[in-house]
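Enquirer: Dropping in query-v3.cif, which is mmCIF, C-alpha atoms:
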data_query
#
loop_
_atom_site.label_atom_id
_atom_site.label_comp_id
_atom_site.auth_asym_id
_atom_site.auth_seq_id
_atom_site.Cartn_x
_atom_site.Cartn_y
_atom_site.Cartn_z
CA MET Q 8 62.10 179.33 161.77
CA SER Q 9 63.32 182.86 161.92
CA ARG Q 10 61.06 185.41 160.30
CA ARG Q 11 62.73 188.43 158.83
CA THR Q 12 60.37 191.15 157.80
CA HIS Q 13 61.36 194.31 156.04
CA GLY Q 14 60.23 196.54 158.85
CA ARG Q 15 63.89 197.23 159.55
CA ARG Q 16 64.41 198.65 156.10
CA ALA Q 17 61.18 200.57 156.23
CA LEU Q 18 62.30 202.12 159.48
CA ALA Q 19 65.77 202.86 158.13
CA GLY Q 20 64.11 204.53 155.15
CA MET Q 21 61.97 206.63 157.41
CA ILE Q 22 64.97 207.71 159.43
CA ALA Q 23 66.84 208.60 156.22
CA VAL Q 24 63.94 210.68 154.98
CA VAL Q 25 63.60 212.47 158.28
CA SER Q 26 67.37 213.07 158.38
CA VAL Q 27 67.38 214.58 154.90
CA PHE Q 28 64.43 216.72 155.84
CA ALA Q 29 66.26 217.82 158.96
CA MET Q 30 69.31 218.79 156.89
CA LEU Q 31 67.21 220.68 154.36
CA THR Q 32 65.51 222.64 157.08
CA GLY Q 33 68.79 223.37 158.82
CA CYS Q 34 67.90 221.39 161.87
CA THR Q 35 70.81 219.50 163.38
CA LYS Q 36 68.92 217.67 166.05
CA THR Q 37 69.73 213.96 166.24
CA VAL Q 38 66.95 211.70 165.10
CA GLU Q 39 66.71 208.64 167.23
CA GLY Q 40 65.19 205.35 166.08
CA THR Q 41 63.25 203.15 168.43
CA ALA Q 42 63.17 199.41 167.78
CA ALA Q 43 59.65 199.12 169.03
CA LYS Q 44 58.31 201.48 166.46
CA SER Q 45 59.25 199.46 163.38
CA GLY Q 46 55.66 198.71 162.46
CA SER Q 47 54.37 202.18 163.10
CA GLY Q 48 53.76 205.11 160.80
CA ASP Q 49 52.33 204.88 157.32
CA VAL Q 50 54.81 202.28 156.05
CA PRO Q 51 52.90 199.17 154.94
CA ARG Q 52 54.03 195.86 156.37
CA ASN Q 53 55.82 193.50 154.07
CA ASP Q 54 53.79 190.30 153.94
CA ASP Q 55 55.04 188.77 150.68
CA SER Q 56 56.03 185.47 152.28
CA ALA Q 57 52.65 185.18 153.97
CA LYS Q 58 50.99 185.63 150.59
CA THR Q 59 53.23 183.13 148.85
CA TYR Q 60 52.90 180.46 151.53
CA PRO Q 61 49.54 181.02 153.18
CA ASN Q 62 49.88 178.03 155.50
CA LEU Q 63 53.35 178.91 156.67
CA LEU Q 64 52.34 181.37 159.33
CA LYS Q 65 48.87 180.09 160.04
CA GLU Q 66 49.66 178.38 163.28
CA CYS Q 67 51.01 181.63 164.66
CA GLU Q 68 47.74 183.32 163.85
CA VAL Q 69 45.50 181.60 166.36
CA LEU Q 70 45.30 185.06 167.90
CA THR Q 71 45.73 188.15 165.77
CA GLU Q 72 48.68 190.45 166.39
CA ASP Q 73 46.22 193.15 167.40
CA ILE Q 74 44.91 190.95 170.20
CA LEU Q 75 48.43 189.96 171.24
CA ALA Q 76 49.51 193.59 171.41
CA LYS Q 77 46.44 194.66 173.33
CA THR Q 78 46.85 191.83 175.84
CA VAL Q 79 50.40 192.88 176.70
CA GLY Q 80 49.52 196.56 176.84
CA ALA Q 81 51.10 197.57 173.52
CA ASP Q 82 49.79 199.61 170.63
CA PRO Q 83 48.63 197.24 167.83
CA LEU Q 84 51.25 198.87 165.58
CA ASP Q 85 54.04 198.12 168.03
CA ILE Q 86 54.29 194.36 167.60
CA GLN Q 87 56.51 192.37 165.26
CA SER Q 88 56.75 188.64 164.54
CA THR Q 89 60.31 187.29 164.84
CA PHE Q 90 59.87 183.50 164.60
CA VAL Q 91 57.26 181.18 163.06
CA GLY Q 92 56.29 177.50 163.09
CA ALA Q 93 55.23 175.24 165.95
CA VAL Q 94 56.95 177.90 168.05
CA CYS Q 95 56.12 181.55 167.34
CA ARG Q 96 57.78 184.62 168.80
CA TRP Q 97 56.84 188.27 168.75
CA GLN Q 98 58.17 191.44 170.33
CA ALA Q 99 55.73 194.09 171.48
CA ALA Q 100 56.28 197.50 173.07
CA ASN Q 101 54.45 198.08 176.33
CA PRO Q 102 54.98 201.70 177.46
CA ALA Q 103 56.91 200.30 180.45
CA GLY Q 104 59.30 198.30 178.26
CA LEU Q 105 59.67 195.73 175.50
CA ILE Q 106 57.95 192.38 175.96
CA ASP Q 107 58.77 189.16 174.10
CA ILE Q 108 55.90 186.75 173.57
CA THR Q 109 56.44 183.06 172.78
CA ARG Q 110 53.73 180.65 171.73
CA PHE Q 111 54.26 176.91 171.43
CA TRP Q 112 52.05 174.12 170.18
CA TYR Q 113 53.53 170.64 170.51
CA GLU Q 114 50.92 168.45 168.83
CA GLN Q 115 52.47 165.23 170.12
CA GLY Q 116 53.58 166.71 173.42
CA SER Q 117 51.81 166.58 176.77
CA LEU Q 118 51.19 168.72 179.82
CA ASP Q 119 52.96 166.07 181.93
CA ASN Q 120 56.07 166.41 179.79
CA GLU Q 121 56.00 170.21 180.06
CA LYS Q 122 55.72 169.83 183.83
CA LYS Q 123 58.76 167.53 183.88
CA VAL Q 124 60.78 170.01 181.85
CA ALA Q 125 59.70 172.90 184.10
CA GLN Q 126 60.78 170.86 187.14
CA PHE Q 127 64.11 170.07 185.48
CA LEU Q 128 64.60 173.81 184.86
CA LYS Q 129 63.73 174.48 188.53
CA TYR Q 130 60.79 176.76 187.74
CA GLN Q 131 58.09 177.45 190.29
CA ILE Q 132 55.02 175.50 189.07
CA GLU Q 133 51.38 176.05 189.93
CA ASN Q 134 48.59 173.74 188.76
CA ARG Q 135 45.44 175.52 187.74
CA SER Q 136 42.48 175.33 185.43
CA ILE Q 137 42.31 177.84 182.59
CA ALA Q 138 38.95 177.98 180.79
CA GLY Q 139 38.25 174.59 182.35
CA VAL Q 140 41.39 173.00 180.88
CA PRO Q 141 44.12 171.48 183.12
CA SER Q 142 47.10 173.84 182.98
CA ILE Q 143 50.31 174.88 184.71
CA VAL Q 144 51.71 178.33 185.39
CA MET Q 145 55.52 178.47 185.36
CA LYS Q 146 57.71 181.10 186.99
CA PRO Q 147 61.47 181.09 186.52
CA ASN Q 148 63.63 182.97 188.99
CA ASP Q 149 63.71 186.06 186.74
CA PRO Q 150 64.04 189.62 188.08
CA ASN Q 151 61.84 190.81 185.19
CA GLY Q 152 59.10 188.39 186.25
CA SER Q 153 58.80 186.26 183.11
CA CYS Q 154 55.94 183.80 183.25
CA GLY Q 155 54.61 180.91 181.16
CA VAL Q 156 51.47 178.81 180.94
CA ALA Q 157 50.88 175.41 179.36
CA SER Q 158 47.51 173.74 178.83
CA ASP Q 159 46.41 170.22 178.00
CA ALA Q 160 44.88 170.98 174.62
CA GLY Q 161 45.63 169.44 171.21
CA GLY Q 162 48.81 167.88 172.60
CA VAL Q 163 50.07 170.80 174.67
CA VAL Q 164 49.80 174.49 173.93
CA GLY Q 165 51.51 177.31 175.81
CA TRP Q 166 52.42 180.96 176.06
CA TRP Q 167 55.42 182.72 177.60
CA VAL Q 168 55.62 186.42 178.38
CA ASN Q 169 59.18 187.74 178.90
CA PRO Q 170 59.32 191.44 179.84
CA GLN Q 171 62.65 193.27 179.55
CA THR Q 172 61.83 195.39 182.61
CA PRO Q 173 60.40 194.50 186.04
CA GLY Q 174 56.94 195.50 187.22
CA ILE Q 175 54.87 193.98 184.42
CA ASP Q 176 52.18 191.38 185.23
CA ALA Q 177 53.55 188.69 182.91
CA CYS Q 178 51.52 185.86 184.50
CA GLY Q 179 48.29 187.81 184.08
CA MET Q 180 49.15 188.43 180.43
CA ALA Q 181 50.13 184.81 179.72
CA ILE Q 182 46.97 183.49 181.37
CA LYS Q 183 44.86 185.94 179.39
CA LEU Q 184 46.49 184.81 176.15
CA MET Q 185 45.70 181.20 177.05
CA GLU Q 186 42.10 182.03 177.90
CA LEU Q 187 41.74 183.67 174.48
CA THR Q 188 43.44 180.68 172.76
CA LEU Q 189 41.22 178.10 174.39
CA ALA Q 190 38.15 180.16 173.63
CA THR Q 191 39.20 180.27 169.96
CA SER Q 192 39.43 176.51 169.56
CA SER Q 193 36.24 175.57 171.42
CA MET Z 11 66.73 167.17 178.63
CA PHE Z 12 68.25 170.41 177.43
CA PRO Z 13 69.12 173.15 179.92
CA GLU Z 14 67.82 176.67 179.24
CA CYS Z 15 69.23 178.10 176.00
CA GLY Z 16 70.70 174.68 175.19
CA GLY Z 17 73.25 175.43 177.89
CA ILE Z 18 74.75 178.26 175.82
CA SER Z 19 75.72 181.32 177.84
CA ASP Z 20 75.28 184.90 176.65
CA GLN Z 21 79.08 185.11 176.59
CA THR Z 22 79.47 182.05 174.36
CA LEU Z 23 76.84 183.40 172.00
CA ALA Z 24 78.63 186.75 171.77
CA GLU Z 25 81.95 184.99 171.08
CA GLN Z 26 80.49 182.72 168.39
CA THR Z 27 78.50 185.42 166.59
CA ARG Z 28 81.01 188.26 167.20
CA VAL Z 29 78.06 190.53 167.97
CA THR Z 30 78.18 192.87 170.96
CA GLY Z 31 75.32 194.20 173.07
CA LEU Z 32 73.13 191.10 172.78
CA VAL Z 33 70.19 190.77 175.17
CA ASN Z 34 68.52 187.44 175.94
CA THR Z 35 64.95 188.60 175.42
CA ALA Z 36 62.94 185.36 175.62
CA ARG Z 37 64.59 182.95 178.03
CA ASN Z 38 62.09 180.22 178.94
CA SER Z 39 61.26 176.51 178.68
CA VAL Z 40 60.86 176.78 174.91
CA GLY Z 41 64.26 178.32 174.26
CA CYS Z 42 66.03 181.64 174.09
CA GLN Z 43 66.20 184.56 171.69
CA TRP Z 44 69.09 187.02 171.57
CA LEU Z 45 68.64 190.46 170.03
CA GLN Z 46 71.10 193.32 169.81
CA GLY Z 47 70.14 195.95 172.38
CA GLY Z 48 67.03 193.87 173.07
CA GLY Z 49 65.28 195.14 169.92
CA ILE Z 50 64.37 193.53 166.62
CA LEU Z 51 66.32 195.77 164.25
CA GLY Z 52 69.67 193.98 164.45
CA PRO Z 53 70.71 190.35 164.09
CA HIS Z 54 68.45 187.57 165.44
CA PHE Z 55 69.75 184.44 167.17
CA SER Z 56 67.67 181.76 168.84
CA PHE Z 57 67.63 178.29 170.36
CA THR Z 58 64.34 176.38 170.33
CA TRP Z 59 63.46 172.99 171.83
CA TYR Z 60 60.42 171.40 170.17
CA ARG Z 61 59.00 168.64 172.37
CA GLY Z 62 56.59 166.26 170.71
CA SER Z 63 56.66 168.20 167.47
CA PRO Z 64 57.58 166.67 164.10
CA ILE Z 65 60.87 167.88 162.61
CA GLY Z 66 59.46 167.06 159.14
CA ARG Z 67 56.99 169.92 159.27
CA GLU Z 68 59.67 172.41 160.23
CA ARG Z 69 61.93 171.10 157.48
CA LYS Z 70 59.11 171.49 154.96
CA THR Z 71 58.64 175.09 156.02
CA GLU Z 72 62.37 175.66 155.51
CA GLU Z 73 62.26 174.02 152.08
CA LEU Z 74 59.50 176.38 151.01
CA SER Z 75 61.30 179.50 152.10
CA ARG Z 76 65.10 179.03 152.12
CA ALA Z 77 67.69 178.95 149.35
CA SER Z 78 68.84 175.44 150.28
CA VAL Z 79 68.05 172.70 152.81
CA GLU Z 80 70.31 169.70 153.22
CA ASP Z 81 70.80 166.72 155.53
CA ILE Z 82 73.29 167.03 158.34
CA ASN Z 83 74.60 164.85 161.15
CA ILE Z 84 76.08 166.37 164.31
CA GLU Z 85 77.48 164.29 167.16
CA GLY Z 86 75.72 161.24 165.72
CA HIS Z 87 72.29 162.87 165.48
CA SER Z 88 70.63 163.65 162.15
CA GLY Z 89 68.63 166.61 160.93
CA PHE Z 90 68.66 169.46 158.43
CA ILE Z 91 70.66 172.58 157.72
CA ALA Z 92 68.93 175.45 155.91
CA LEU Z 93 70.69 178.39 154.31
CA GLY Z 94 69.08 181.72 153.59
CA ALA Z 95 70.35 184.67 151.58
CA ASP Z 96 69.67 188.37 151.73
CA PRO Z 97 69.67 190.13 148.35
CA THR Z 98 72.07 192.81 149.57
CA ILE Z 99 74.42 191.15 152.06
CA GLY Z 100 74.52 187.53 150.84
CA ASN Z 101 74.24 184.29 152.81
CA ASN Z 102 73.26 185.71 156.18
CA LEU Z 103 70.98 183.08 157.68
CA CYS Z 104 71.46 179.49 158.76
CA GLU Z 105 69.17 177.20 160.71
CA VAL Z 106 70.10 173.75 161.99
CA GLY Z 107 67.43 171.32 163.21
CA ILE Z 108 68.44 168.06 164.91
CA GLN Z 109 66.06 165.25 165.86
CA PHE Z 110 65.91 163.43 169.20
CA GLN Z 111 63.12 160.81 168.97
CA ASP Z 112 59.88 162.83 169.16
CA ASP Z 113 61.73 166.09 169.82
CA PHE Z 114 64.03 168.32 167.88
CA ILE Z 115 66.12 171.37 168.59
CA GLU Z 116 66.79 174.27 166.26
CA TRP Z 117 69.50 176.91 166.26
CA SER Z 118 68.70 179.94 164.14
CA ILE Z 119 71.45 182.39 163.20
CA SER Z 120 70.53 185.51 161.22
CA PHE Z 121 72.88 188.42 160.62
CA ASN Z 122 71.73 191.74 159.22
CA GLU Z 123 74.91 193.56 158.24
CA GLN Z 124 78.48 192.83 157.18
CA PRO Z 125 80.94 191.78 158.41
CA TYR Z 126 79.85 188.53 160.03
CA PRO Z 127 81.18 184.97 160.39
CA ASP Z 128 79.75 182.10 158.31
CA PRO Z 129 76.27 181.69 159.85
CA CYS Z 130 76.31 177.92 159.26
CA ASP Z 131 79.62 177.54 161.09
CA VAL Z 132 78.06 179.37 164.05
CA ALA Z 133 74.82 177.33 163.91
CA LYS Z 134 76.68 174.02 163.67
CA GLU Z 135 79.04 174.83 166.54
CA LEU Z 136 76.22 175.99 168.86
CA THR Z 137 74.21 172.87 167.95
CA ARG Z 138 77.20 170.69 168.75
CA GLN Z 139 77.66 172.37 172.13
CA SER Z 140 73.93 172.07 172.93
CA ILE Z 141 73.97 168.34 172.18
CA VAL Z 142 76.98 167.91 174.44
CA ASN Z 143 75.18 169.93 177.15
CA ALA Z 144 72.04 167.73 177.07
CA LYS Z 145 71.40 165.67 180.17
#
What do you get writing this file as structure tokens?

Expert:
Amino acid sequence: MSRRTHGRRALAGMIAVVSVFAMLTGCTKTVEGTAAKSGSGDVPRNDDSAKTYPNLLKECEVLTEDILAKTVGADPLDIQSTFVGAVCRWQAANPAGLIDITRFWYEQGSLDNEKKVAQFLKYQIENRSIAGVPSIVMKPNDPNGSCGVASDAGGVVGWWVNPQTPGIDACGMAIKLMELTLATSS
Amino acid sequence: MFPECGGISDQTLAEQTRVTGLVNTARNSVGCQWLQGGGILGPHFSFTWYRGSPIGRERKTEELSRASVEDINIEGHSGFIALGADPTIGNNLCEVGIQFQDDFIEWSISFNEQPYPDPCDVAKELTRQSIVNAK
């Protein structure tokens, strides 16, 4: 389920304020907005829906956004949830470029099934143990080096790291996220 | 089996949504997410394939948070269609979930500024094409 926060409006408001200030001070310099900065500054995050439906987002909170951001090399303020449910998505800003993070938890799924799907999609697959749990590491043929992991835990749980620029260690980040996840539930 | 992105190309998505400058930011075995310019400030579109995950839970989440959720059948497969509204721009969000035994797929279409096509028409058409693309 798509998650629409009001960070966009908060950012737009900030830009408007800065623009007015620029006009008042006679400065004509263009103010540029950066998508990755939507959670930054002193604007509080809108979390009304999380308060109204406390269980709605819970399964996306196995790791805090601070830990997610840190793991992918982003400032804890530069991460935003975009999708919630059994599949969660976030976008974080690593200084080298934006990174999308996907988490999935298929309670009635299996590692074998994930392996079959990865084979069907012609991904490179490596079997390995993460925190002692049978897992696979999946690499699509992606110039930006996207990488996913799936582990045999509670059905099947997994993480994908999709950088928008090359040169980021997506597999290292995805494996780290899985190590943290498996540590949480043990 | 569904191909990546439900078999929907970036070009098809741009045609259906009439949004330019979309970037496929999360293409993987779970699905795909398209964002304008690759950032989160614009419209959000996504395809998601839930494998061994109950559609009922997702539908419940929709029922708690969307303006309306109704039954739908596309290409002989049943599921739900959820409509969401933005206080300023109107009905801007539509999500279609369709069940396949223990799996389901979901197309999520969310616009952020006028003008835009009917989000449910877009979600239904992309769902239909994804079902046809399944192997």

Enquirer: Taking all atoms listed in the file into account, name the residue in Z:Gln109, Z:Ser78, Z:Asn38, Z:Ser140 that is nearest to Z:Pro64.

Expert: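 Nearest candidate to Z:Pro64 out of Z:Gln109, Z:Ser78, Z:Asn38, Z:Ser140: Z:Gln109.
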
Enquirer: For the PyMOL selection byres ((chain Q) within 8 of (chain Z)), applied here, can you spell out every residue it catches as a PyMOL selection string?

Expert: chain Q and resi 8-9+15+42-43+56+60+63+89+92-94+98+105-109+111-117+124-125+127-128+147+155+167-171

Enquirer: In Å, how far is it from atom CA of Z:Pro127 to atom CA of Z:Gln26?

Expert: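 Rounded to one decimal, the two atoms are 8.3 Å apart.
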
Enquirer: For a test of reading the model, state the distance in Å between atom CA of Z:Ser19 and atom CA of Z:Gly94, rounded to one decimal.

Expert: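 It comes out at 25.1 Å.
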
Enquirer: How many Å separate atom CA of Q:Met145 from atom CA of Z:Leu136?

Expert: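 Atom CA of Z:Leu136 lies 26.6 Å from atom CA of Q:Met145.
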
Enquirer: Got a sec to resolve the PyMOL selection byres ((chain Q and resi 173) around 10) on this structure and send the residues as JSON, numbers by chain?

Expert: {"Q": [103, 104, 149, 150, 151, 152, 153, 169, 170, 171, 172, 174, 175, 176, 177]}

Enquirer: Just say which residues the PyMOL selection byres ((chain Z and resi 125) around 12) picks in this file, as a list in words.

Expert: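 What the PyMOL selection byres ((chain Z and resi 125) around 12) grabs from the file is Thr27, Arg28, Val29, Pro53, Ile99, Gly100, Asn101, Asn102, Phe121, Asn122, Glu123, Gln124, Tyr126, Pro127, Asp128 and Pro129 of chain Z.
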